[in-house]
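J.: What follows is a single structure, and I will ask about it in a moment.
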Amino acid sequence: MLAMNPTLLVGPADWNAARMPKAEFVARAGALWRDIPSATGVIVYGDRVNHAELAYLTNFTPKLEAALALIPRDGTPQLLVGGGVNMLPAARSLTFIEELRPLRNVGKTVAEWARAHGGGAPVLIGSAFMPYGFHQEIAAALASGVKDKTAELRRLMGRKSARELAVLREACAALDATVAAMRAAQGSGAGATAAVLAGEQAANRRGAQDIRTLFSLDGGRTLRPFEALVERAVDPLQVYVAVRQLGYWAEGFAVLATSPQPCAERAGDVLRRAVARTQAGERCGEIARGIAQAGHPPHPVTARVAGNAIGLAIEEHPLIVAGCEARIEPGGVYGLRVGLSDQRGHAIVSAMVAVHEQGNEVLWSSPEAA
């Protein structure tokens, strides 16, 4: 689920060579070359909002201004960093790439790089996120034309490696600690702001790079970000939490309450059935249809999208929506959510599921669906 983005990313994003060694990134690039054998290299764009593909190939997360990676099939990769020469020292700790330069004169730089690696046909990753003028400069610099291969890379990103899955488990553990801290604060009578902040503080103590929250003041009917302090206690308190750990996201919905919540329990029943169905080879559209046919009125937040793949981006493809023919992939990690809303109440619950060749693994689940 997409939430508000911070203006400046401030959390720790240093490259951890012990957790994600250079060999991991080399293997990712090698898989891409096998998928696009005609490419002489890739030009990868990322900014502070859209950088999953850039991080997948370089580990680099732009903090404020955009960045561009030039990765040849044969040779040394370069990373062009926005913000000028003064930003290079800070950027070096964020990536394994050793050749860093300021992001300027994009067209000339790309043309020289392409010629230095035999001309040919490099491809673009992330061109849909580029400002129009930026994209035009790159296209004009490559006389042979340029094709976008973001979809091909995203298919590779869908299958998580053992190292990625280990990090996602850590992100889910941080999510669990965050929701538990919110539940404890809410149960003690803390106001809505204090309860949500207790969770954010728990995530920060675990070294979270980023945390995003939404909450409800009307029994779960709508969700909102922080706009002003809310000192009154809210019971039940519907929350949404997304936590990023070592670049990878975990997200979840939970209903915090001091008494049983029948609507949340009904949603939990539907979610458990959806989780059981999330197996390798199952069509995403069939999972969405099963949730819709449970016979409960859907919540507006979850009525259209019942889930999605998740990893370096909060919302990766495929989406679990009606009519989606994409199949659940072994090695994929998916967020599932079920929301109900009627005159008796409102609730949204969710789960994070890792899919294996045989069976699946629940990485995190709302307590109502555990």
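Scheme for the structure tokens: letters A, B, ... for chains in order shown; per-chain residue numbers from 1; ligand numbers from 1 in order shown.
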Need to verify the contact set: Ala29 in chain A, 9 Å, only C-alpha atoms, exclusion of same-chain residues closer than 6 positions in sequence. Can you return it as a PDB file with C-alpha atoms, in the first residue's frame?
T.:
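This is the output file result33.pdb:
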ATOM      1  CA  LEU A  57      21.573  -3.509  -8.748  1.00  0.00           C
ATOM      2  CA  ILE A  71      26.467  -0.709 -15.633  1.00  0.00           C
ATOM      3  CA  ARG A  73      27.997  -5.941 -19.478  1.00  0.00           C
TER       4      ARG A  73
END
J.: Give me the residues within 12 Å of Arg154 in chain A as a PyMOL selection string, counting only C-alpha atoms and dropping any in the same chain fewer than 2 places off.
T.: chain A and resi 28+31-32+35+52-54+56-57+125-126+148-152+156-160+309-313+315-318+332
J.: Write a file of the just-selected residues containing C-alpha atoms, as a PDB file, in the first residue's frame.
T.:
ATOM      1  CA  ARG A  28      21.706 -10.098 -10.146  1.00  0.00           C
ATOM      2  CA  ALA A  31      20.743 -12.837 -14.466  1.00  0.00           C
ATOM      3  CA  LEU A  32      19.694  -9.644 -16.243  1.00  0.00           C
ATOM      4  CA  ASP A  35      17.390 -12.238 -19.957  1.00  0.00           C
ATOM      5  CA  ALA A  52      13.874  -0.178  -5.878  1.00  0.00           C
ATOM      6  CA  GLU A  53      15.491  -1.132  -9.206  1.00  0.00           C
ATOM      7  CA  LEU A  54      18.525   1.062  -8.554  1.00  0.00           C
ATOM      8  CA  TYR A  56      18.579  -3.947  -6.443  1.00  0.00           C
ATOM      9  CA  LEU A  57      21.573  -3.509  -8.748  1.00  0.00           C
ATOM     10  CA  ILE A 125      15.705   0.716 -16.226  1.00  0.00           C
ATOM     11  CA  GLY A 126      13.283   3.084 -14.492  1.00  0.00           C
ATOM     12  CA  ASP A 148      13.154   0.205 -21.383  1.00  0.00           C
ATOM     13  CA  LYS A 149      13.607  -3.184 -19.702  1.00  0.00           C
ATOM     14  CA  THR A 150      12.212  -2.387 -16.256  1.00  0.00           C
ATOM     15  CA  ALA A 151       9.626  -5.150 -16.545  1.00  0.00           C
ATOM     16  CA  GLU A 152      12.328  -7.748 -17.184  1.00  0.00           C
ATOM     17  CA  LEU A 156      13.963 -11.107 -11.519  1.00  0.00           C
ATOM     18  CA  MET A 157      13.354  -9.001  -8.405  1.00  0.00           C
ATOM     19  CA  GLY A 158      10.233 -11.042  -7.653  1.00  0.00           C
ATOM     20  CA  ARG A 159      12.249 -14.147  -6.766  1.00  0.00           C
ATOM     21  CA  LYS A 160      13.996 -13.395  -3.497  1.00  0.00           C
ATOM     22  CA  ALA A 309       4.459  -8.464  -4.092  1.00  0.00           C
ATOM     23  CA  ILE A 310       6.756  -6.602  -1.703  1.00  0.00           C
ATOM     24  CA  GLY A 311      10.489  -6.200  -1.231  1.00  0.00           C
ATOM     25  CA  LEU A 312      12.694  -3.229  -2.087  1.00  0.00           C
ATOM     26  CA  ALA A 313       9.478  -1.343  -2.887  1.00  0.00           C
ATOM     27  CA  GLU A 315       4.265  -2.111  -3.756  1.00  0.00           C
ATOM     28  CA  GLU A 316       5.862  -4.407  -6.306  1.00  0.00           C
ATOM     29  CA  HIS A 317       4.157  -6.226  -9.154  1.00  0.00           C
ATOM     30  CA  PRO A 318       2.112  -8.266  -9.539  1.00  0.00           C
ATOM     31  CA  GLY A 332       8.147 -14.388  -4.046  1.00  0.00           C
TER      32      GLY A 332
END
J.: Which residues are close to range 219-236 of chain A, i.e. within 6 Å by only C-alpha atoms, leaving aside same-chain residues fewer than 3 positions away? Reply as a ChimeraX atom specification.
T.: /A:189-193,214-216,256-257,346-347
J.: Export C-alpha atoms of the chosen residues as a PDB file, in the first residue's frame?
T.:
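The result, stored in again.pdb:
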ATOM      1  CA  GLY A 189      -4.903   4.113  27.738  1.00  0.00           C
ATOM      2  CA  ALA A 190      -2.415   6.237  25.766  1.00  0.00           C
ATOM      3  CA  GLY A 191      -3.762   8.708  23.263  1.00  0.00           C
ATOM      4  CA  ALA A 192      -3.709   7.932  19.547  1.00  0.00           C
ATOM      5  CA  THR A 193      -0.579   9.976  18.872  1.00  0.00           C
ATOM      6  CA  LEU A 214      -1.547   5.723   9.133  1.00  0.00           C
ATOM      7  CA  PHE A 215      -4.276   5.485  11.745  1.00  0.00           C
ATOM      8  CA  SER A 216      -8.015   5.930  12.156  1.00  0.00           C
ATOM      9  CA  LEU A 256      -5.725  -2.381  18.430  1.00  0.00           C
ATOM     10  CA  ALA A 257      -8.515  -2.802  20.948  1.00  0.00           C
ATOM     11  CA  HIS A 346     -14.770  -1.565  10.117  1.00  0.00           C
ATOM     12  CA  ALA A 347     -11.488  -3.470  10.138  1.00  0.00           C
TER      13      ALA A 347
END
J.: Applying 7 Å and only C-alpha atoms, which residues near Pro298 in chain A remain after dropping the ones on its own chain fewer than 4 positions away? List them as a compact mmCIF listing (two decimals) with all heavy atoms, in the first residue's frame.
T.:
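File written: part-v9.txt
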# COMPACT_ATOMS: atom_id res chain seq x y z
N THR A 302 -9.31 -1.60 0.73
CA THR A 302 -8.87 -2.87 0.17
C THR A 302 -9.78 -3.39 -0.93
O THR A 302 -9.55 -4.48 -1.46
CB THR A 302 -8.81 -3.94 1.28
OG1 THR A 302 -10.12 -4.10 1.85
CG2 THR A 302 -7.85 -3.52 2.38
N ALA A 303 -10.80 -2.63 -1.29
CA ALA A 303 -11.79 -3.12 -2.25
C ALA A 303 -11.19 -3.42 -3.62
O ALA A 303 -11.55 -4.39 -4.28
CB ALA A 303 -12.93 -2.12 -2.38
N GLY A 339 -10.10 -6.19 4.16
CA GLY A 339 -10.82 -5.15 4.89
C GLY A 339 -12.31 -5.34 4.78
O GLY A 339 -12.83 -5.67 3.71
N LEU A 340 -13.00 -5.17 5.88
CA LEU A 340 -14.45 -5.26 5.91
C LEU A 340 -15.02 -3.96 6.47
O LEU A 340 -14.41 -3.34 7.35
CB LEU A 340 -14.91 -6.44 6.78
CG LEU A 340 -14.33 -7.82 6.44
CD1 LEU A 340 -14.91 -8.87 7.38
CD2 LEU A 340 -14.60 -8.18 4.99
N SER A 341 -16.17 -3.58 5.97
CA SER A 341 -16.77 -2.33 6.42
C SER A 341 -18.28 -2.41 6.24
O SER A 341 -18.78 -2.58 5.12
CB SER A 341 -16.21 -1.16 5.60
OG SER A 341 -16.74 0.07 6.03
J.: Using only C-alpha atoms, which of the listed residues (A:Pro297, A:Gly207, A:Gly281, A:Pro367) sits closest to Phe253 in chain A?
T.: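 Between A:Pro297, A:Gly207, A:Gly281, A:Pro367, the residue approaching Phe253 in chain A most closely is A:Pro367.
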J.: When you draw a straight line from CA of Thr109 in chain A to CA of Leu68 in chain A, how long is it in Å?
T.: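 Distance between the two atoms: 10.8 Å.
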J.: List every residue of range 43-251 of chain A that DSSP, applied to the backbone, labels as alpha helix (DSSP H), and write the result as a PyMOL selection string.
T.: chain A and resi 52-58+88-92+106-116+132-141+150-158+162-187+192-205
J.: So that I can see what lies close to Gln136 in chain A, please list as a PyMOL selection string the residues with an atom at most 12 Å from it, counting only C-alpha atoms and leaving out residues fewer than 6 positions away in the same chain.
T.: chain A and resi 106-107+110+127-128+130+142+145-146
J.: Please list as a VMD selection string every residue within 6 Å of Ile43 in chain A, counting only C-alpha atoms and excluding residues in the same chain fewer than 6 positions away.
T.: chain A and resid 69 to 70 124
J.: Export N, CA, C and O atoms of the chosen residues as a PDB file, in the first residue's frame?
T.:
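The resulting file, part.pdb, is shown below:
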ATOM      1  N   ALA A  69      22.847   4.953 -12.495  1.00  0.00           N
ATOM      2  CA  ALA A  69      23.909   3.947 -12.562  1.00  0.00           C
ATOM      3  C   ALA A  69      24.144   3.570 -14.018  1.00  0.00           C
ATOM      4  O   ALA A  69      23.191   3.361 -14.777  1.00  0.00           O
ATOM      5  N   LEU A  70      25.421   3.471 -14.406  1.00  0.00           N
ATOM      6  CA  LEU A  70      25.815   3.025 -15.740  1.00  0.00           C
ATOM      7  C   LEU A  70      26.562   1.712 -15.551  1.00  0.00           C
ATOM      8  O   LEU A  70      27.704   1.694 -15.063  1.00  0.00           O
ATOM      9  N   LEU A 124      17.430   0.869 -20.768  1.00  0.00           N
ATOM     10  CA  LEU A 124      17.060   1.700 -19.631  1.00  0.00           C
ATOM     11  C   LEU A 124      16.294   0.890 -18.597  1.00  0.00           C
ATOM     12  O   LEU A 124      15.520  -0.003 -18.938  1.00  0.00           O
TER      13      LEU A 124
END
